[in-house]
file structure02.cif (mmCIF, C-alpha atoms)
data_entry
loop_
_atom_site.label_atom_id
_atom_site.label_comp_id
_atom_site.auth_asym_id
_atom_site.auth_seq_id
_atom_site.Cartn_x
_atom_site.Cartn_y
_atom_site.Cartn_z
CA MET A 1 18.41 -19.74 -3.67
CA ALA A 2 15.07 -21.14 -4.82
CA GLU A 3 12.09 -19.61 -3.08
CA PRO A 4 10.72 -21.96 -0.46
CA ARG A 5 7.41 -23.47 -1.52
CA GLN A 6 4.76 -22.69 1.07
CA HIS A 7 2.68 -25.83 1.36
CA SER A 8 -0.10 -24.52 3.56
CA LEU A 9 -2.17 -21.33 3.45
CA LEU A 10 -2.32 -21.23 7.26
CA PRO A 11 0.73 -18.93 7.74
CA TYR A 12 -0.85 -16.40 5.34
CA ALA A 13 -4.12 -16.55 7.31
CA LEU A 14 -2.20 -15.93 10.55
CA VAL A 15 -0.49 -12.88 8.99
CA LEU A 16 -3.92 -11.60 7.88
CA GLY A 17 -5.21 -12.08 11.44
CA ALA A 18 -2.24 -10.14 12.84
CA LEU A 19 -2.79 -7.32 10.31
CA LEU A 20 -6.49 -7.03 11.25
CA LEU A 21 -5.62 -7.05 14.98
CA LEU A 22 -3.01 -4.32 14.47
CA THR A 23 -5.61 -2.25 12.56
CA ALA A 24 -7.97 -2.52 15.56
CA LEU A 25 -5.03 -1.64 17.83
CA THR A 26 -4.11 1.51 15.87
CA VAL A 27 -7.76 2.70 15.95
CA GLY A 28 -7.95 2.02 19.71
CA ALA A 29 -4.59 3.72 20.38
CA ALA A 30 -5.76 6.84 18.51
CA TYR A 31 -8.35 7.47 21.25
CA VAL A 32 -5.79 7.19 24.05
CA HIS A 33 -4.20 10.47 25.11
CA PHE A 34 -0.46 9.97 24.69
CA GLY A 35 0.34 13.63 24.11
CA HIS A 36 1.79 15.45 21.14
CA PRO A 37 4.54 13.53 19.40
CA TRP A 38 3.71 10.18 21.02
CA SER A 39 0.33 9.50 19.41
CA ASP A 40 1.92 9.88 15.98
CA LEU A 41 4.88 7.72 16.96
CA VAL A 42 2.56 4.95 18.20
CA ALA A 43 0.61 5.09 14.91
CA LEU A 44 3.90 5.07 12.96
CA VAL A 45 5.30 2.06 14.84
CA ILE A 46 2.06 0.06 14.29
CA ALA A 47 2.00 1.00 10.58
CA LEU A 48 5.69 0.02 10.19
CA THR A 49 4.97 -3.31 11.89
CA LYS A 50 2.05 -3.99 9.51
CA ALA A 51 4.15 -3.00 6.47
CA THR A 52 6.98 -5.28 7.63
CA LEU A 53 4.56 -8.22 7.94
CA VAL A 54 3.26 -7.61 4.40
CA VAL A 55 6.79 -7.23 2.95
CA LEU A 56 8.24 -10.31 4.66
CA PHE A 57 5.37 -12.77 4.24
CA PHE A 58 2.94 -11.61 1.52
CA MET A 59 5.73 -10.24 -0.70
CA HIS A 60 8.00 -13.18 0.16
CA VAL A 61 11.08 -11.07 0.93
CA LYS A 62 11.74 -13.61 3.66
CA GLY A 63 13.38 -16.32 1.58
CA SER A 64 14.04 -14.17 -1.50
CA THR A 65 17.39 -13.47 -3.18
CA THR A 66 19.94 -11.04 -1.73
CA ALA A 67 19.38 -8.69 -4.69
CA VAL A 68 15.67 -8.39 -3.82
CA LYS A 69 16.42 -7.91 -0.12
CA ILE A 70 18.90 -5.12 -0.91
CA THR A 71 16.36 -3.41 -3.20
CA ALA A 72 13.63 -3.63 -0.56
CA ALA A 73 15.95 -2.33 2.16
CA GLY A 74 17.19 0.33 -0.27
CA SER A 75 13.68 1.77 -0.72
CA VAL A 76 13.39 2.11 3.06
CA LEU A 77 16.84 3.75 3.23
CA TRP A 78 16.00 6.27 0.49
CA LEU A 79 12.71 7.16 2.20
CA ALA A 80 14.58 7.53 5.50
CA ILE A 81 16.98 10.02 3.85
CA LEU A 82 14.02 11.98 2.46
CA PHE A 83 12.25 12.19 5.84
CA ALA A 84 15.40 12.70 7.95
CA PHE A 85 16.49 15.79 6.00
CA LEU A 86 12.93 17.14 5.86
CA MET A 87 12.56 16.73 9.63
CA ALA A 88 15.96 18.36 10.19
CA ASP A 89 14.60 21.40 8.34
CA ILE A 90 11.18 21.47 10.01
CA LEU A 91 12.47 20.96 13.55
CA THR A 92 15.23 23.59 13.34
CA ARG A 93 13.64 26.22 11.13
CA HIS A 94 12.86 28.63 13.98
CA THR A 95 16.23 28.32 15.69
CA LEU A 96 18.28 31.40 14.96
CA VAL A 97 22.02 31.63 15.42
CA PRO A 98 22.77 34.43 17.96
CA GLY A 99 23.47 37.66 16.15
CA TRP A 100 21.57 36.57 13.04
CA GLY A 101 18.00 37.68 12.46
CA SER A 102 16.04 39.23 15.34
CA MET B 103 13.73 -38.20 -26.50
CA SER B 104 15.89 -35.61 -24.84
CA ASN B 105 14.88 -33.13 -27.51
CA ALA B 106 11.17 -33.68 -26.80
CA ALA B 107 11.76 -33.38 -23.07
CA HIS B 108 13.67 -30.16 -23.63
CA SER B 109 10.92 -28.55 -25.71
CA VAL B 110 8.29 -29.42 -23.10
CA GLU B 111 10.53 -28.07 -20.38
CA SER B 112 11.11 -24.73 -22.06
CA VAL B 113 7.44 -23.72 -22.38
CA GLY B 114 7.25 -20.15 -21.14
CA LEU B 115 11.03 -19.74 -20.95
CA ALA B 116 12.13 -16.69 -22.93
CA HIS B 117 15.13 -17.33 -25.21
CA HIS B 118 17.39 -14.81 -23.49
CA PHE B 119 17.24 -16.64 -20.16
CA GLU B 120 19.22 -19.75 -19.33
CA SER B 121 16.77 -21.18 -16.83
CA TYR B 122 13.39 -20.63 -15.23
CA GLU B 123 15.18 -19.68 -12.04
CA GLN B 124 17.17 -16.94 -13.79
CA GLN B 125 14.03 -15.71 -15.57
CA LYS B 126 12.11 -15.62 -12.29
CA GLN B 127 14.80 -13.75 -10.34
CA SER B 128 15.21 -11.17 -13.14
CA SER B 129 11.46 -10.64 -13.19
CA PHE B 130 11.20 -10.14 -9.41
CA LEU B 131 14.24 -7.86 -9.23
CA GLY B 132 12.76 -5.70 -12.00
CA MET B 133 9.47 -5.49 -10.12
CA TRP B 134 11.21 -4.55 -6.88
CA LEU B 135 13.18 -1.78 -8.61
CA PHE B 136 9.89 -0.44 -9.97
CA LEU B 137 8.36 -0.57 -6.48
CA ALA B 138 11.38 1.27 -5.03
CA GLN B 139 10.56 4.13 -7.41
CA GLU B 140 6.89 3.94 -6.48
CA ALA B 141 7.91 4.19 -2.82
CA MET B 142 9.79 7.42 -3.61
CA PHE B 143 6.77 8.75 -5.52
CA PHE B 144 4.40 8.20 -2.59
CA GLY B 145 7.23 9.27 -0.26
CA GLY B 146 7.09 12.70 -1.92
CA LEU B 147 3.38 12.95 -1.13
CA PHE B 148 3.98 11.90 2.50
CA ALA B 149 6.83 14.44 2.74
CA THR B 150 4.42 17.17 1.56
CA TYR B 151 1.95 15.99 4.19
CA LEU B 152 4.64 16.12 6.90
CA TYR B 153 5.77 19.61 5.91
CA TYR B 154 2.28 21.14 5.83
CA ARG B 155 1.15 19.33 8.96
CA ALA B 156 4.12 20.85 10.81
CA GLN B 157 3.11 24.27 9.42
CA TYR B 158 -0.64 24.05 10.17
CA PRO B 159 -1.19 21.35 12.83
CA GLY B 160 -4.63 22.73 13.80
CA ALA B 161 -6.01 22.55 10.27
CA PHE B 162 -4.88 18.92 9.96
CA LEU B 163 -6.52 17.85 13.22
CA LEU B 164 -9.75 19.67 12.25
CA GLY B 165 -9.65 18.17 8.75
CA SER B 166 -9.04 14.66 10.05
CA ARG B 167 -12.13 14.98 12.27
CA GLN B 168 -14.23 15.46 9.10
CA LEU B 169 -13.40 11.90 8.01
CA GLN B 170 -15.30 8.89 9.36
CA VAL B 171 -13.05 6.55 11.34
CA PRO B 172 -15.37 3.44 11.09
CA VAL B 173 -15.58 3.81 7.29
CA GLY B 174 -11.79 4.15 6.98
CA ALA B 175 -11.19 1.19 9.31
CA PHE B 176 -13.70 -0.93 7.38
CA ASN B 177 -11.93 -0.10 4.12
CA THR B 178 -8.54 -0.94 5.67
CA ALA B 179 -9.89 -4.39 6.59
CA ILE B 180 -11.26 -4.86 3.04
CA LEU B 181 -7.86 -4.01 1.54
CA LEU B 182 -5.99 -6.33 3.92
CA LEU B 183 -8.41 -9.12 2.94
CA SER B 184 -7.69 -8.37 -0.74
CA SER B 185 -3.96 -8.79 -0.04
CA PHE B 186 -4.71 -12.17 1.52
CA THR B 187 -6.78 -13.35 -1.50
CA MET B 188 -3.95 -12.09 -3.76
CA VAL B 189 -1.46 -14.24 -1.91
CA VAL B 190 -3.90 -17.18 -2.28
CA ALA B 191 -3.92 -16.57 -6.06
CA VAL B 192 -0.09 -16.59 -6.13
CA TRP B 193 -0.07 -19.75 -4.01
CA GLY B 194 -2.47 -21.39 -6.49
CA ALA B 195 -0.14 -20.50 -9.39
CA GLN B 196 2.91 -21.82 -7.51
CA HIS B 197 1.14 -25.14 -6.99
CA GLY B 198 -0.43 -25.34 -10.44
CA ARG B 199 -3.99 -25.09 -9.06
CA ARG B 200 -5.67 -23.02 -11.71
CA LYS B 201 -9.05 -22.77 -9.95
CA THR B 202 -7.42 -21.46 -6.78
CA THR B 203 -5.57 -18.86 -8.84
CA PHE B 204 -8.77 -17.88 -10.65
CA LEU B 205 -10.84 -17.63 -7.46
CA GLY B 206 -8.07 -15.75 -5.65
CA LEU B 207 -7.91 -13.17 -8.45
CA ALA B 208 -11.72 -12.90 -8.64
CA MET B 209 -11.98 -12.31 -4.88
CA THR B 210 -9.17 -9.74 -5.01
CA ILE B 211 -11.04 -7.90 -7.78
CA LEU B 212 -14.25 -7.98 -5.69
CA PHE B 213 -12.51 -6.61 -2.57
CA GLY B 214 -10.73 -3.99 -4.68
CA VAL B 215 -14.01 -2.83 -6.24
CA ALA B 216 -15.64 -2.81 -2.78
CA PHE B 217 -12.82 -0.59 -1.48
CA LEU B 218 -13.27 1.83 -4.39
CA GLY B 219 -17.05 1.80 -3.85
CA VAL B 220 -16.58 2.91 -0.24
CA LYS B 221 -14.14 5.56 -1.48
CA VAL B 222 -16.77 6.89 -3.93
CA TYR B 223 -19.25 7.07 -1.02
CA GLU B 224 -16.70 9.01 1.07
CA TYR B 225 -15.86 11.39 -1.80
CA SER B 226 -19.59 12.05 -2.37
CA LEU B 227 -19.99 12.96 1.33
CA LYS B 228 -17.09 15.41 1.02
CA TRP B 229 -18.80 16.97 -1.99
CA GLU B 230 -22.07 17.22 -0.03
CA HIS B 231 -20.26 18.88 2.89
CA GLN B 232 -18.46 21.24 0.49
CA LEU B 233 -14.99 19.99 1.42
CA VAL B 234 -13.57 19.59 -2.09
CA PRO B 235 -10.80 22.20 -2.65
CA GLY B 236 -10.91 24.03 -5.94
CA LEU B 237 -14.30 22.69 -7.00
CA ASN B 238 -16.67 22.92 -4.08
CA PHE B 239 -15.20 24.23 -0.86
CA HIS B 240 -16.98 26.14 1.88
CA TRP B 241 -16.31 25.61 5.57
CA HIS B 242 -19.56 25.44 7.61
CA GLY B 243 -18.23 24.06 10.92
CA ALA B 244 -17.03 25.75 14.08
CA GLY B 245 -13.70 27.57 14.06
CA ALA B 246 -12.02 29.53 11.32
CA GLY B 247 -11.18 26.58 9.11
CA ASP B 248 -8.01 28.34 7.94
CA HIS B 249 -5.72 26.21 5.75
CA LEU B 250 -8.27 23.39 5.83
CA GLU B 251 -8.10 23.30 2.06
CA ILE B 252 -4.46 22.21 2.32
CA PHE B 253 -5.49 19.16 4.34
CA PHE B 254 -8.25 18.26 1.90
CA SER B 255 -6.00 18.84 -1.14
CA LEU B 256 -3.61 16.30 0.35
CA TYR B 257 -6.50 13.99 1.31
CA PHE B 258 -7.78 13.92 -2.27
CA GLY B 259 -4.30 13.89 -3.80
CA MET B 260 -3.02 11.00 -1.72
CA THR B 261 -6.17 8.83 -1.61
CA GLY B 262 -6.79 9.68 -5.29
CA MET B 263 -3.30 8.54 -6.33
CA HIS B 264 -3.79 5.41 -4.23
CA ALA B 265 -7.20 4.77 -5.85
CA LEU B 266 -5.67 5.26 -9.32
CA HIS B 267 -3.11 2.55 -8.52
CA MET B 268 -5.98 0.28 -7.45
CA ILE B 269 -7.92 0.93 -10.67
CA VAL B 270 -4.82 0.03 -12.72
CA GLY B 271 -4.43 -3.12 -10.61
CA ILE B 272 -8.07 -4.15 -11.05
CA VAL B 273 -7.87 -3.69 -14.85
CA ILE B 274 -4.75 -5.89 -14.99
CA MET B 275 -6.46 -8.54 -12.83
CA LEU B 276 -9.51 -8.53 -15.11
CA LEU B 277 -7.15 -9.27 -18.01
CA MET B 278 -5.55 -12.06 -15.94
CA LEU B 279 -8.84 -13.91 -15.31
CA ARG B 280 -9.00 -15.68 -18.68
CA PRO B 281 -5.41 -16.96 -18.76
CA ALA B 282 -5.82 -18.00 -15.11
CA TRP B 283 -8.94 -20.04 -15.98
CA ARG B 284 -7.15 -21.64 -18.91
CA GLY B 285 -4.23 -22.66 -16.71
CA LYS B 286 -1.61 -20.47 -18.39
CA TRP B 287 0.46 -20.21 -15.22
CA THR B 288 2.41 -23.23 -14.08
CA PRO B 289 4.63 -23.93 -11.07
CA GLU B 290 7.64 -23.31 -13.39
CA ASN B 291 6.39 -20.06 -14.83
CA HIS B 292 3.97 -17.87 -12.91
CA ASN B 293 6.21 -14.80 -12.62
CA PHE B 294 3.47 -12.54 -13.93
CA VAL B 295 1.06 -13.53 -11.13
CA GLU B 296 3.70 -13.24 -8.43
CA GLY B 297 5.08 -9.97 -9.83
CA PHE B 298 1.60 -8.51 -9.98
CA GLY B 299 1.05 -9.69 -6.40
CA LEU B 300 4.05 -7.57 -5.35
CA TYR B 301 2.40 -4.50 -6.91
CA TRP B 302 -0.94 -5.18 -5.19
CA HIS B 303 0.72 -5.64 -1.78
CA PHE B 304 2.68 -2.42 -2.29
CA VAL B 305 -0.60 -0.54 -2.86
CA ASP B 306 -1.89 -2.14 0.35
CA ILE B 307 1.19 -0.88 2.24
CA VAL B 308 0.58 2.69 1.01
CA TRP B 309 -2.92 2.52 2.53
CA ILE B 310 -1.51 1.09 5.79
CA PHE B 311 0.27 4.46 6.19
CA LEU B 312 -2.50 6.64 4.72
CA PHE B 313 -5.20 5.37 7.09
CA PRO B 314 -3.72 6.40 10.47
CA PHE B 315 -2.23 9.68 9.23
CA LEU B 316 -5.38 10.88 7.49
CA TYR B 317 -8.18 9.38 9.60
CA LEU B 318 -6.79 8.92 13.09
CA ILE B 319 -4.97 12.12 14.04
CA GLY B 320 -6.21 14.28 16.91
CA LEU B 321 -8.83 11.78 18.12
CA SER B 322 -7.52 11.98 21.70
CA THR B 323 -7.38 15.79 21.90
#
call {"tool": "encode", "arguments": {"input": "structure02.cif", "output": "structure tokens"}}
result
Amino acid sequence: MAEPRQHSLLPYALVLGALLLLTALTVGAAYVHFGHPWSDLVALVIALTKATLVVLFFMHVKGSTTAVKITAAGSVLWLAILFAFLMADILTRHTLVPGWGS
Amino acid sequence: MSNAAHSVESVGLAHHFESYEQQKQSSFLGMWLFLAQEAMFFGGLFATYLYYRAQYPGAFLLGSRQLQVPVGAFNTAILLLSSFTMVVAVWGAQHGRRKTTFLGLAMTILFGVAFLGVKVYEYSLKWEHQLVPGLNFHWHGAGAGDHLEIFFSLYFGMTGMHALHMIVGIVIMLLMLRPAWRGKWTPENHNFVEGFGLYWHFVDIVWIFLFPFLYLIGLST
């Protein structure tokens, strides 16, 4: 259960390189015309990838205890509940059941 | 003999823990529970953003175009670098290299201050262009600029809350410099450095989401 001792700084430097590349990628992708929901989804996927790299390697969740992994995953789950129910409201707000409203 | 060895061993071990390992895992779990709450706090701000963006998509695209992409990208790179130097500081503490820990913290402070400096520059431009809701807002550009204040309220609210977290982090790091130089943190007990590192990386993650959704929307339209 002990956290693995990282003997070299090289893996951290590689993660930093990947994060900087993904930043350049998200800026570049923003100028490409993907159309309405897709541009945001591309930005979201790149941001989620960057966040995952930070959580796994910089925050050492890779190799941490199960309790920490559950807590980290739990924060993502709680946020997902928040956004899923909000989106359900936003995306269906203008849909009226026949016979109700005008 | 065994008594002496025991007293040396238990430096930095609080009496209510049985071992360094137990102390360390309790400390990290506590930090992660705190960060889970922080995630919900910022999640509320992002939920507000999502709701209003769905209501007034035009205002958000127009507002985003008032921010400078190169400045935001530069600041993103600065913050990612600060996360790297933070991880170097933690690595130094894990290996009992006090100078590495000290330098890592010092560099993280420098990058953090640089980030805030750029933010001050950006805020001052917004003031100049009269884009500060409530205090100094007047739309001079093309188009109606309806609901633009909602975008800028969220811009200042979200980046302001993020900046406040960074200021708190920088103050804590300044207080950590002296103990770091004196070699307070050892391979057995450096939970404070590693726990603080978790906080700093969390603040970095918040910016990873703020940058594209504030600066980069509507660039292709």
call {"tool": "resolve_selection", "arguments": {"input": "structure02.cif", "expression": "the PyMOL selection byres ((chain B) within 9 of (chain A))", "output": "PDB file with C-alpha atoms, keeping the file's coordinate frame"}}
result
ATOM      1  CA  GLU B 123      15.180 -19.680 -12.040  1.00  0.00           C
ATOM      2  CA  GLN B 127      14.800 -13.750 -10.340  1.00  0.00           C
ATOM      3  CA  PHE B 130      11.200 -10.140  -9.410  1.00  0.00           C
ATOM      4  CA  LEU B 131      14.240  -7.860  -9.230  1.00  0.00           C
ATOM      5  CA  TRP B 134      11.210  -4.550  -6.880  1.00  0.00           C
ATOM      6  CA  LEU B 135      13.180  -1.780  -8.610  1.00  0.00           C
ATOM      7  CA  LEU B 137       8.360  -0.570  -6.480  1.00  0.00           C
ATOM      8  CA  ALA B 138      11.380   1.270  -5.030  1.00  0.00           C
ATOM      9  CA  GLN B 139      10.560   4.130  -7.410  1.00  0.00           C
ATOM     10  CA  ALA B 141       7.910   4.190  -2.820  1.00  0.00           C
ATOM     11  CA  MET B 142       9.790   7.420  -3.610  1.00  0.00           C
ATOM     12  CA  GLY B 145       7.230   9.270  -0.260  1.00  0.00           C
ATOM     13  CA  GLY B 146       7.090  12.700  -1.920  1.00  0.00           C
ATOM     14  CA  PHE B 148       3.980  11.900   2.500  1.00  0.00           C
ATOM     15  CA  ALA B 149       6.830  14.440   2.740  1.00  0.00           C
ATOM     16  CA  LEU B 152       4.640  16.120   6.900  1.00  0.00           C
ATOM     17  CA  TYR B 153       5.770  19.610   5.910  1.00  0.00           C
ATOM     18  CA  ALA B 156       4.120  20.850  10.810  1.00  0.00           C
ATOM     19  CA  GLN B 157       3.110  24.270   9.420  1.00  0.00           C
ATOM     20  CA  VAL B 171     -13.050   6.550  11.340  1.00  0.00           C
ATOM     21  CA  ALA B 175     -11.190   1.190   9.310  1.00  0.00           C
ATOM     22  CA  THR B 178      -8.540  -0.940   5.670  1.00  0.00           C
ATOM     23  CA  ALA B 179      -9.890  -4.390   6.590  1.00  0.00           C
ATOM     24  CA  LEU B 182      -5.990  -6.330   3.920  1.00  0.00           C
ATOM     25  CA  LEU B 183      -8.410  -9.120   2.940  1.00  0.00           C
ATOM     26  CA  SER B 185      -3.960  -8.790  -0.040  1.00  0.00           C
ATOM     27  CA  PHE B 186      -4.710 -12.170   1.520  1.00  0.00           C
ATOM     28  CA  MET B 188      -3.950 -12.090  -3.760  1.00  0.00           C
ATOM     29  CA  VAL B 189      -1.460 -14.240  -1.910  1.00  0.00           C
ATOM     30  CA  VAL B 190      -3.900 -17.180  -2.280  1.00  0.00           C
ATOM     31  CA  TRP B 193      -0.070 -19.750  -4.010  1.00  0.00           C
ATOM     32  CA  GLN B 196       2.910 -21.820  -7.510  1.00  0.00           C
ATOM     33  CA  HIS B 197       1.140 -25.140  -6.990  1.00  0.00           C
ATOM     34  CA  GLU B 296       3.700 -13.240  -8.430  1.00  0.00           C
ATOM     35  CA  GLY B 299       1.050  -9.690  -6.400  1.00  0.00           C
ATOM     36  CA  LEU B 300       4.050  -7.570  -5.350  1.00  0.00           C
ATOM     37  CA  HIS B 303       0.720  -5.640  -1.780  1.00  0.00           C
ATOM     38  CA  PHE B 304       2.680  -2.420  -2.290  1.00  0.00           C
ATOM     39  CA  ASP B 306      -1.890  -2.140   0.350  1.00  0.00           C
ATOM     40  CA  ILE B 307       1.190  -0.880   2.240  1.00  0.00           C
ATOM     41  CA  VAL B 308       0.580   2.690   1.010  1.00  0.00           C
ATOM     42  CA  ILE B 310      -1.510   1.090   5.790  1.00  0.00           C
ATOM     43  CA  PHE B 311       0.270   4.460   6.190  1.00  0.00           C
ATOM     44  CA  PRO B 314      -3.720   6.400  10.470  1.00  0.00           C
ATOM     45  CA  PHE B 315      -2.230   9.680   9.230  1.00  0.00           C
ATOM     46  CA  LEU B 318      -6.790   8.920  13.090  1.00  0.00           C
ATOM     47  CA  ILE B 319      -4.970  12.120  14.040  1.00  0.00           C
ATOM     48  CA  GLY B 320      -6.210  14.280  16.910  1.00  0.00           C
ATOM     49  CA  LEU B 321      -8.830  11.780  18.120  1.00  0.00           C
ATOM     50  CA  SER B 322      -7.520  11.980  21.700  1.00  0.00           C
ATOM     51  CA  THR B 323      -7.380  15.790  21.900  1.00  0.00           C
TER      52      THR B 323
END
call {"tool": "atom_distance", "arguments": {"input": "structure02.cif", "atom1": "CA of Val42 in chain A", "atom2": "CA of Thr92 in chain A"}}
result
23.1 Å
call {"tool": "resolve_selection", "arguments": {"input": "structure02.cif", "expression": "the PyMOL selection byres ((chain B and resi 162) around 9)", "output": "PDB file with C-alpha atoms, keeping the file's coordinate frame"}}
result
ATOM      1  CA  TYR B 154       2.280  21.140   5.830  1.00  0.00           C
ATOM      2  CA  ARG B 155       1.150  19.330   8.960  1.00  0.00           C
ATOM      3  CA  TYR B 158      -0.640  24.050  10.170  1.00  0.00           C
ATOM      4  CA  PRO B 159      -1.190  21.350  12.830  1.00  0.00           C
ATOM      5  CA  GLY B 160      -4.630  22.730  13.800  1.00  0.00           C
ATOM      6  CA  ALA B 161      -6.010  22.550  10.270  1.00  0.00           C
ATOM      7  CA  LEU B 163      -6.520  17.850  13.220  1.00  0.00           C
ATOM      8  CA  LEU B 164      -9.750  19.670  12.250  1.00  0.00           C
ATOM      9  CA  GLY B 165      -9.650  18.170   8.750  1.00  0.00           C
ATOM     10  CA  SER B 166      -9.040  14.660  10.050  1.00  0.00           C
ATOM     11  CA  ARG B 167     -12.130  14.980  12.270  1.00  0.00           C
ATOM     12  CA  HIS B 249      -5.720  26.210   5.750  1.00  0.00           C
ATOM     13  CA  LEU B 250      -8.270  23.390   5.830  1.00  0.00           C
ATOM     14  CA  ILE B 252      -4.460  22.210   2.320  1.00  0.00           C
ATOM     15  CA  PHE B 253      -5.490  19.160   4.340  1.00  0.00           C
ATOM     16  CA  PHE B 254      -8.250  18.260   1.900  1.00  0.00           C
ATOM     17  CA  LEU B 316      -5.380  10.880   7.490  1.00  0.00           C
ATOM     18  CA  ILE B 319      -4.970  12.120  14.040  1.00  0.00           C
ATOM     19  CA  GLY B 320      -6.210  14.280  16.910  1.00  0.00           C
TER      20      GLY B 320
END
call {"tool": "axis_aligned_box", "arguments": {"input": "structure02.cif", "around": "range 185-188 of chain B", "padding_each_side": "6 Å", "output": "lines of an AutoDock Vina configuration file"}}
result
center_x = -5.4
center_y = -11.1
center_z = -1.1
size_x = 14.8
size_y = 16.6
size_z = 17.3
call {"tool": "closest_residue", "arguments": {"input": "structure02.cif", "among": "B:Ser184, B:Ser255, B:Asn291, B:Thr210", "to": "Ile274 in chain B", "atoms": "all atoms listed in the file"}}
result
B:Thr210
call {"tool": "residues_around", "arguments": {"input": "structure02.cif", "residues": "range 282-287 of chain B", "least_positions_apart": "3", "cutoff": "12 Å", "atoms": "all atoms listed in the file", "output": "PyMOL selection string"}}
result
chain B and resi 113-114+191-208+275-279+290-296
call {"tool": "atom_distance", "arguments": {"input": "structure02.cif", "atom1": "CA of Pro289 in chain B", "atom2": "CA of Gln125 in chain B"}}
result
13.3 Å
call {"tool": "atom_distance", "arguments": {"input": "structure02.cif", "atom1": "CA of Leu77 in chain A", "atom2": "CA of Phe313 in chain B"}}
result
22.4 Å
call {"tool": "residues_around", "arguments": {"input": "structure02.cif", "residues": "Phe217 in chain B", "least_positions_apart": "2", "cutoff": "8 Å", "atoms": "only C-alpha atoms", "output": "compact mmCIF listing (two decimals) with C-alpha atoms, in the coordinates of the input"}}
result
# COMPACT_ATOMS: atom_id res chain seq x y z
CA ASN B 177 -11.93 -0.10 4.12
CA ILE B 180 -11.26 -4.86 3.04
CA LEU B 181 -7.86 -4.01 1.54
CA PHE B 213 -12.51 -6.61 -2.57
CA GLY B 214 -10.73 -3.99 -4.68
CA VAL B 215 -14.01 -2.83 -6.24
CA GLY B 219 -17.05 1.80 -3.85
CA VAL B 220 -16.58 2.91 -0.24
CA LYS B 221 -14.14 5.56 -1.48
call {"tool": "residues_around", "arguments": {"input": "structure02.cif", "residues": "Leu237 in chain B", "least_positions_apart": "6", "cutoff": "12 Å", "atoms": "all atoms listed in the file", "output": "PyMOL selection string"}}
result
chain B and resi 228-230+251+254-255+258
